[in-house]
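Heads up, the thing below is written out as structure tokens.
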Amino acid sequence: MEICIDSVDSARNAITGGAFRLECCAALSEGGLTPTPGMIKQIRKSSDVPMYAMIRSRTGNFVYSQEEMDVMLYDLKLLKELGVNGFVFGALTEDGEIATEPCREIISAASPLPVTFHRAFDETMNPLKSLNTVIDLGFERILTSGQKSSALEGLELIKQLIHQARGKIIIMPGAGITKDNILHIKTESSAKEFHTSARKREVTRDNSGKFKIGPDALITDESLVMEMTRIVKTCRKM
């Protein structure tokens, strides 16, 4: 189980719940941006669970200028020095193809650490062709919902990708994965890794002491991570 987090509290809950790996981001509400060095440093102080850092400087599309690439390459350098275990990145051309040169720059800067190609993959025009490109570039895995709004809806394409990959790259389903559908997705696709934020809405207090629901009051649920991890482990033994 890879748990996507954007706060120290979520990281703590994910680790306690048994997460195998963290995808560390800022602003999950925006699809995930590059995390701050401070957050990475704080999480690393308390745990040696593998951390992959998102490299994404802004919201919007995945077509980047060289100036934007320079920003992300500098961020990668800082996070690498803080002891992350890998990175998460994706770049596309205006025609919906994999942008090979930006990807090569990131993979080279990250080396020898691995890089995951994130859900920019779900916006490619030809996913099966793009799979081969991502493999040739040297990415470790692809995070995908099968080009649908959820991995459950995109299950058929996920199955095709896993079959075509033939073990050359990890295909990791993500988006809308819950304790109620993870077993079905695993059984049908034969995927080995799964990605989720496993979050719940947290009730907070305002200045008057009254309870309120904050707009960003979403935090990883330790018990949910534990339950989903248990389901995946149980399935392995069947």
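Naming works like this for the structure tokens: A, B, ... for the chains as they're shown, residue 1 at the start of each chain, ligands 1 onward in shown order.
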Legend entry - Those of region 53-192 of chain A in DSSP strand (DSSP E), formatted as a ChimeraX atom specification: /A:53-54,86-89,115-117,141-144,170-173
Using all heavy atoms, can you export the residues from the last selection as a short mmCIF file (atom, residue, chain, number, x, y, z; two decimals), in the first residue's frame?
```cif
data_model
loop_
_atom_site.label_atom_id
_atom_site.label_comp_id
_atom_site.auth_asym_id
_atom_site.auth_seq_id
_atom_site.Cartn_x
_atom_site.Cartn_y
_atom_site.Cartn_z
N ALA A 53 8.78 11.60 -3.24
CA ALA A 53 8.34 12.99 -3.26
C ALA A 53 7.79 13.38 -4.63
O ALA A 53 8.42 13.12 -5.67
CB ALA A 53 9.50 13.92 -2.90
N MET A 54 6.61 13.97 -4.64
CA MET A 54 6.03 14.51 -5.86
C MET A 54 6.89 15.66 -6.36
O MET A 54 7.33 16.52 -5.58
CB MET A 54 4.61 15.01 -5.58
CG MET A 54 3.97 15.74 -6.74
SD MET A 54 3.54 14.66 -8.11
CE MET A 54 2.09 13.82 -7.47
N GLY A 86 12.72 8.19 -3.48
CA GLY A 86 12.36 8.22 -4.89
C GLY A 86 11.50 9.43 -5.18
O GLY A 86 11.19 10.23 -4.29
N PHE A 87 11.10 9.55 -6.43
CA PHE A 87 10.33 10.72 -6.86
C PHE A 87 9.14 10.30 -7.73
O PHE A 87 9.08 9.18 -8.23
CB PHE A 87 11.23 11.68 -7.63
CG PHE A 87 12.34 12.25 -6.79
CD1 PHE A 87 13.59 11.65 -6.77
CD2 PHE A 87 12.12 13.34 -5.98
CE1 PHE A 87 14.60 12.16 -5.97
CE2 PHE A 87 13.11 13.86 -5.17
CZ PHE A 87 14.37 13.26 -5.17
N VAL A 88 8.21 11.23 -7.88
CA VAL A 88 7.00 11.02 -8.68
C VAL A 88 6.89 12.20 -9.64
O VAL A 88 6.86 13.35 -9.21
CB VAL A 88 5.75 10.92 -7.78
CG1 VAL A 88 4.51 10.66 -8.62
CG2 VAL A 88 5.93 9.85 -6.72
N PHE A 89 6.82 11.91 -10.94
CA PHE A 89 6.85 12.98 -11.94
C PHE A 89 6.15 12.51 -13.21
O PHE A 89 6.05 11.32 -13.48
CB PHE A 89 8.31 13.33 -12.27
CG PHE A 89 8.47 14.37 -13.35
CD1 PHE A 89 8.25 15.71 -13.07
CD2 PHE A 89 8.82 14.01 -14.64
CE1 PHE A 89 8.38 16.68 -14.06
CE2 PHE A 89 8.95 14.97 -15.64
CZ PHE A 89 8.74 16.31 -15.35
N VAL A 115 12.01 6.63 -10.09
CA VAL A 115 10.97 7.63 -10.36
C VAL A 115 9.70 6.92 -10.83
O VAL A 115 9.75 6.04 -11.69
CB VAL A 115 11.42 8.65 -11.42
CG1 VAL A 115 10.35 9.74 -11.59
CG2 VAL A 115 12.76 9.27 -11.05
N THR A 116 8.58 7.32 -10.27
CA THR A 116 7.25 6.87 -10.69
C THR A 116 6.67 7.88 -11.67
O THR A 116 6.75 9.09 -11.43
CB THR A 116 6.31 6.75 -9.48
OG1 THR A 116 6.79 5.74 -8.60
CG2 THR A 116 4.88 6.41 -9.90
N PHE A 117 6.07 7.40 -12.77
CA PHE A 117 5.34 8.29 -13.68
C PHE A 117 3.91 8.39 -13.15
O PHE A 117 3.21 7.39 -13.04
CB PHE A 117 5.33 7.75 -15.10
CG PHE A 117 4.94 8.78 -16.13
CD1 PHE A 117 5.91 9.44 -16.87
CD2 PHE A 117 3.61 9.10 -16.36
CE1 PHE A 117 5.57 10.40 -17.81
CE2 PHE A 117 3.25 10.06 -17.30
CZ PHE A 117 4.22 10.71 -18.02
N ARG A 141 7.69 2.71 -12.13
CA ARG A 141 6.28 2.32 -12.12
C ARG A 141 5.43 3.41 -12.76
O ARG A 141 5.90 4.54 -12.97
CB ARG A 141 5.78 2.05 -10.69
CG ARG A 141 5.64 3.27 -9.81
CD ARG A 141 5.02 2.95 -8.45
NE ARG A 141 5.68 1.83 -7.77
CZ ARG A 141 6.87 1.91 -7.18
NH1 ARG A 141 7.54 3.05 -7.19
NH2 ARG A 141 7.39 0.87 -6.57
N ILE A 142 4.18 3.04 -13.04
CA ILE A 142 3.19 3.99 -13.53
C ILE A 142 2.01 3.97 -12.57
O ILE A 142 1.48 2.90 -12.26
CB ILE A 142 2.70 3.62 -14.95
CG1 ILE A 142 3.84 3.73 -15.97
CG2 ILE A 142 1.52 4.50 -15.37
CD1 ILE A 142 3.48 3.18 -17.34
N LEU A 143 1.60 5.14 -12.12
CA LEU A 143 0.38 5.30 -11.34
C LEU A 143 -0.74 5.65 -12.30
O LEU A 143 -0.63 6.62 -13.05
CB LEU A 143 0.55 6.41 -10.30
CG LEU A 143 -0.72 6.85 -9.56
CD1 LEU A 143 -1.32 5.70 -8.76
CD2 LEU A 143 -0.42 8.04 -8.65
N THR A 144 -1.80 4.85 -12.31
CA THR A 144 -2.86 5.08 -13.29
C THR A 144 -4.23 4.66 -12.76
O THR A 144 -4.34 3.72 -11.98
CB THR A 144 -2.57 4.32 -14.60
OG1 THR A 144 -3.64 4.52 -15.52
CG2 THR A 144 -2.39 2.82 -14.35
N ILE A 170 6.22 -1.61 -13.01
CA ILE A 170 5.10 -1.82 -12.09
C ILE A 170 3.93 -0.95 -12.53
O ILE A 170 4.10 0.25 -12.76
CB ILE A 170 5.50 -1.48 -10.64
CG1 ILE A 170 6.65 -2.37 -10.17
CG2 ILE A 170 4.29 -1.61 -9.70
CD1 ILE A 170 7.35 -1.84 -8.93
N ILE A 171 2.76 -1.54 -12.64
CA ILE A 171 1.54 -0.77 -12.90
C ILE A 171 0.78 -0.71 -11.58
O ILE A 171 0.35 -1.73 -11.04
CB ILE A 171 0.66 -1.45 -13.97
CG1 ILE A 171 1.46 -1.66 -15.27
CG2 ILE A 171 -0.59 -0.61 -14.22
CD1 ILE A 171 1.97 -0.39 -15.91
N MET A 172 0.62 0.50 -11.05
CA MET A 172 0.02 0.70 -9.74
C MET A 172 -1.33 1.41 -9.88
O MET A 172 -1.38 2.59 -10.19
CB MET A 172 0.95 1.51 -8.83
CG MET A 172 0.39 1.76 -7.43
SD MET A 172 1.62 2.48 -6.30
CE MET A 172 1.96 4.05 -7.11
N PRO A 173 -2.44 0.71 -9.67
CA PRO A 173 -3.75 1.35 -9.72
C PRO A 173 -3.91 2.40 -8.62
O PRO A 173 -3.48 2.19 -7.48
CB PRO A 173 -4.74 0.20 -9.52
CG PRO A 173 -3.97 -1.04 -9.85
CD PRO A 173 -2.56 -0.74 -9.43
#
```
Inset, instruction - Go through A:Cys103, A:Val225, A:Ile162, A:Ile177 one by one, measure the shortest atom-to-atom distance of each to Asn13 (chain A) using only C-alpha atoms, and give the residue with the smallest value. - result: A:Val225
Inset, instruction - Show which residues sit within 9 Å of Ala165 (chain A), as a list in words. Count only C-alpha atoms, and ignore same-chain residues fewer than 4 positions away. - result: Leu131, Asn132, Ile135, Gln160, Leu161, Ile169, Ile170 and Ile171 of chain A
Legend entry - Pick from A:Gly138, A:Gly167, A:Gly17, A:Gly60 nearest to Glu30 (chain A), counting only C-alpha atoms: A:Gly60
Inset, instruction - May I have all residues of region 77-131 of chain A that DSSP, computed from the backbone, assigns to helix (DSSP H, G or I), given as a ChimeraX atom specification? - result: /A:77-81,100-110,119-123,127-131
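Nearest to Ser130 (chain A) of all the residues A:Asp9, A:Glu23, A:Glu105, A:Glu97 is A:Glu97, based on only C-alpha atoms.
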Inset, instruction - Enter the distance from CA of Glu94 (chain A) to CA of Lys80 (chain A), in Å, rounded to one decimal. - result: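 That distance, rounded to one decimal, is 29.2 Å.
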Give me, as CSV, each residue of region 30-101 of chain A that comes within 12 Å of region 4-7 of chain A, together with its shortest interatomic pair and the distance in Å at one decimal, counting only C-alpha atoms, with rows ordered by chain and rising residue number.
```
residue,atom,partner,partner_atom,distance
A:Glu30,CA,A:Asp6,CA,10.9
A:Gly31,CA,A:Cys4,CA,10.5
A:Gly32,CA,A:Asp6,CA,7.9
A:Leu33,CA,A:Asp6,CA,9.0
A:Thr34,CA,A:Asp6,CA,9.6
A:Pro35,CA,A:Asp6,CA,7.3
A:Thr36,CA,A:Asp6,CA,9.6
A:Pro37,CA,A:Ser7,CA,12.0
A:Gly38,CA,A:Ser7,CA,10.6
A:Met39,CA,A:Ser7,CA,7.2
A:Ile40,CA,A:Ser7,CA,9.5
A:Lys41,CA,A:Ser7,CA,12.0
A:Gln42,CA,A:Ser7,CA,10.1
A:Ile43,CA,A:Ser7,CA,9.2
A:Met51,CA,A:Cys4,CA,9.9
A:Tyr52,CA,A:Cys4,CA,9.4
A:Ala53,CA,A:Cys4,CA,9.9
A:Met54,CA,A:Cys4,CA,9.8
A:Val88,CA,A:Cys4,CA,11.2
```
Legend entry - Nearest residue to Phe194 (chain A) from the set A:Val49, A:Ala91, A:Ile106, A:Leu22 (distances using only C-alpha atoms):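 Ranked by minimum distance to Phe194 (chain A), first place goes to A:Leu22.
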With only C-alpha atoms as the counted atoms, please give the residues lying no more than 9 Å from Ser10 (chain A), apart from itself and same-chain residues fewer than 4 positions off, as an mmCIF file with all heavy atoms, in the first residue's frame.
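And here is the file that came out, around-v9.cif:
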```cif
data_model
loop_
_atom_site.group_PDB
_atom_site.id
_atom_site.type_symbol
_atom_site.label_atom_id
_atom_site.label_comp_id
_atom_site.auth_asym_id
_atom_site.auth_seq_id
_atom_site.Cartn_x
_atom_site.Cartn_y
_atom_site.Cartn_z
ATOM 1 N N CYS A 4 -0.833 8.286 -0.114
ATOM 2 C CA CYS A 4 -0.537 9.649 -0.540
ATOM 3 C C CYS A 4 -0.885 10.611 0.597
ATOM 4 O O CYS A 4 -2.015 10.612 1.093
ATOM 5 C CB CYS A 4 -1.355 9.963 -1.781
ATOM 6 S SG CYS A 4 -0.974 11.540 -2.526
ATOM 7 N N ILE A 5 0.076 11.411 1.018
ATOM 8 C CA ILE A 5 -0.133 12.310 2.170
ATOM 9 C C ILE A 5 0.317 13.727 1.831
ATOM 10 O O ILE A 5 1.166 13.935 0.970
ATOM 11 C CB ILE A 5 0.601 11.779 3.424
ATOM 12 C CG1 ILE A 5 2.124 11.703 3.194
ATOM 13 C CG2 ILE A 5 0.084 10.405 3.811
ATOM 14 C CD1 ILE A 5 2.907 12.887 3.656
ATOM 15 N N ASP A 6 -0.264 14.698 2.549
ATOM 16 C CA ASP A 6 0.182 16.083 2.372
ATOM 17 C C ASP A 6 0.351 16.809 3.706
ATOM 18 O O ASP A 6 0.316 18.036 3.764
ATOM 19 C CB ASP A 6 -0.764 16.862 1.450
ATOM 20 C CG ASP A 6 -2.180 17.001 2.008
ATOM 21 O OD1 ASP A 6 -2.458 16.460 3.097
ATOM 22 O OD2 ASP A 6 -3.006 17.668 1.346
ATOM 23 N N ALA A 14 -0.576 7.166 8.449
ATOM 24 C CA ALA A 14 -0.318 6.180 7.404
ATOM 25 C C ALA A 14 0.746 5.178 7.857
ATOM 26 O O ALA A 14 0.601 3.963 7.645
ATOM 27 C CB ALA A 14 0.142 6.881 6.126
ATOM 28 N N ILE A 15 1.787 5.669 8.491
ATOM 29 C CA ILE A 15 2.868 4.799 8.957
ATOM 30 C C ILE A 15 2.364 3.858 10.050
ATOM 31 O O ILE A 15 2.615 2.650 10.018
ATOM 32 C CB ILE A 15 4.050 5.652 9.460
ATOM 33 C CG1 ILE A 15 4.702 6.386 8.279
ATOM 34 C CG2 ILE A 15 5.075 4.781 10.188
ATOM 35 C CD1 ILE A 15 5.627 7.512 8.693
ATOM 36 N N SER A 197 -5.212 7.679 -0.755
ATOM 37 C CA SER A 197 -4.962 8.635 0.334
ATOM 38 C C SER A 197 -5.605 8.173 1.628
ATOM 39 O O SER A 197 -5.222 8.608 2.707
ATOM 40 C CB SER A 197 -5.478 10.031 -0.034
ATOM 41 O OG SER A 197 -6.875 10.000 -0.241
ATOM 42 N N ARG A 199 -8.279 8.840 3.265
ATOM 43 C CA ARG A 199 -8.543 9.984 4.140
ATOM 44 C C ARG A 199 -9.966 9.999 4.690
ATOM 45 O O ARG A 199 -10.882 9.419 4.118
ATOM 46 C CB ARG A 199 -8.283 11.295 3.392
ATOM 47 C CG ARG A 199 -6.823 11.497 3.031
ATOM 48 C CD ARG A 199 -6.554 12.871 2.481
ATOM 49 N NE ARG A 199 -7.247 13.097 1.215
ATOM 50 C CZ ARG A 199 -7.284 14.281 0.589
ATOM 51 N NH1 ARG A 199 -6.695 15.335 1.142
ATOM 52 N NH2 ARG A 199 -7.910 14.409 -0.560
ATOM 53 N N LEU A 218 -8.999 17.183 5.833
ATOM 54 C CA LEU A 218 -8.972 15.792 5.384
ATOM 55 C C LEU A 218 -7.634 15.201 5.804
ATOM 56 O O LEU A 218 -6.578 15.763 5.499
ATOM 57 C CB LEU A 218 -9.137 15.702 3.865
ATOM 58 C CG LEU A 218 -10.523 16.031 3.317
ATOM 59 C CD1 LEU A 218 -10.487 16.143 1.800
ATOM 60 C CD2 LEU A 218 -11.534 14.977 3.743
ATOM 61 N N ILE A 219 -7.685 14.072 6.473
ATOM 62 C CA ILE A 219 -6.466 13.479 7.021
ATOM 63 C C ILE A 219 -6.512 11.969 6.854
ATOM 64 O O ILE A 219 -7.582 11.355 6.905
ATOM 65 C CB ILE A 219 -6.302 13.856 8.508
ATOM 66 C CG1 ILE A 219 -4.959 13.373 9.066
ATOM 67 C CG2 ILE A 219 -7.455 13.336 9.357
ATOM 68 C CD1 ILE A 219 -4.635 13.969 10.430
ATOM 69 N N THR A 220 -5.373 11.366 6.625
ATOM 70 C CA THR A 220 -5.296 9.917 6.476
ATOM 71 C C THR A 220 -5.817 9.223 7.723
ATOM 72 O O THR A 220 -5.469 9.588 8.847
ATOM 73 C CB THR A 220 -3.843 9.488 6.202
ATOM 74 O OG1 THR A 220 -3.421 10.066 4.958
ATOM 75 C CG2 THR A 220 -3.718 7.978 6.124
ATOM 76 N N ASP A 221 -6.643 8.225 7.500
ATOM 77 C CA ASP A 221 -7.278 7.470 8.577
ATOM 78 C C ASP A 221 -6.441 6.219 8.860
ATOM 79 O O ASP A 221 -6.361 5.308 8.029
ATOM 80 C CB ASP A 221 -8.692 7.078 8.139
ATOM 81 C CG ASP A 221 -9.494 6.395 9.241
ATOM 82 O OD1 ASP A 221 -8.880 5.828 10.165
ATOM 83 O OD2 ASP A 221 -10.729 6.422 9.158
ATOM 84 N N GLU A 222 -5.822 6.180 10.028
ATOM 85 C CA GLU A 222 -4.962 5.054 10.415
ATOM 86 C C GLU A 222 -5.678 3.720 10.318
ATOM 87 O O GLU A 222 -5.139 2.740 9.777
ATOM 88 C CB GLU A 222 -4.458 5.270 11.844
ATOM 89 C CG GLU A 222 -3.670 4.123 12.426
ATOM 90 C CD GLU A 222 -3.352 4.342 13.895
ATOM 91 O OE1 GLU A 222 -3.207 5.512 14.311
ATOM 92 O OE2 GLU A 222 -3.260 3.345 14.630
#
```
Legend entry - Using only C-alpha atoms: which of A:Leu128, A:Leu82, A:Glu101, A:Phe121 has the shortest distance to Gln66 (chain A): A:Glu101
Legend entry - Test item: residues at most 12 Å from Ile182 (chain A), only C-alpha atoms, excluding those fewer than 2 positions along its chain, as a ChimeraX atom specification: /A:1,150-152,155,173-180,184-196,198,224-225,227-235
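Pairwise distance (CA of Asn61 (chain A), CA of Glu123 (chain A)) equals 9.4 Å.
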Inset, instruction - Pick out the closest residue to Asp75 (chain A) from this set: A:Phe62, A:Ser57, A:Asp122, A:Gly90. Count only C-alpha atoms. - result: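 Of the candidates, the smallest distance to Asp75 (chain A) is held by A:Ser57.
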Inset, instruction - For CA of Ser149 (chain A) and CA of Cys25 (chain A), determine how far apart the two atoms are, in Å to one decimal place. - result: 20.0 Å
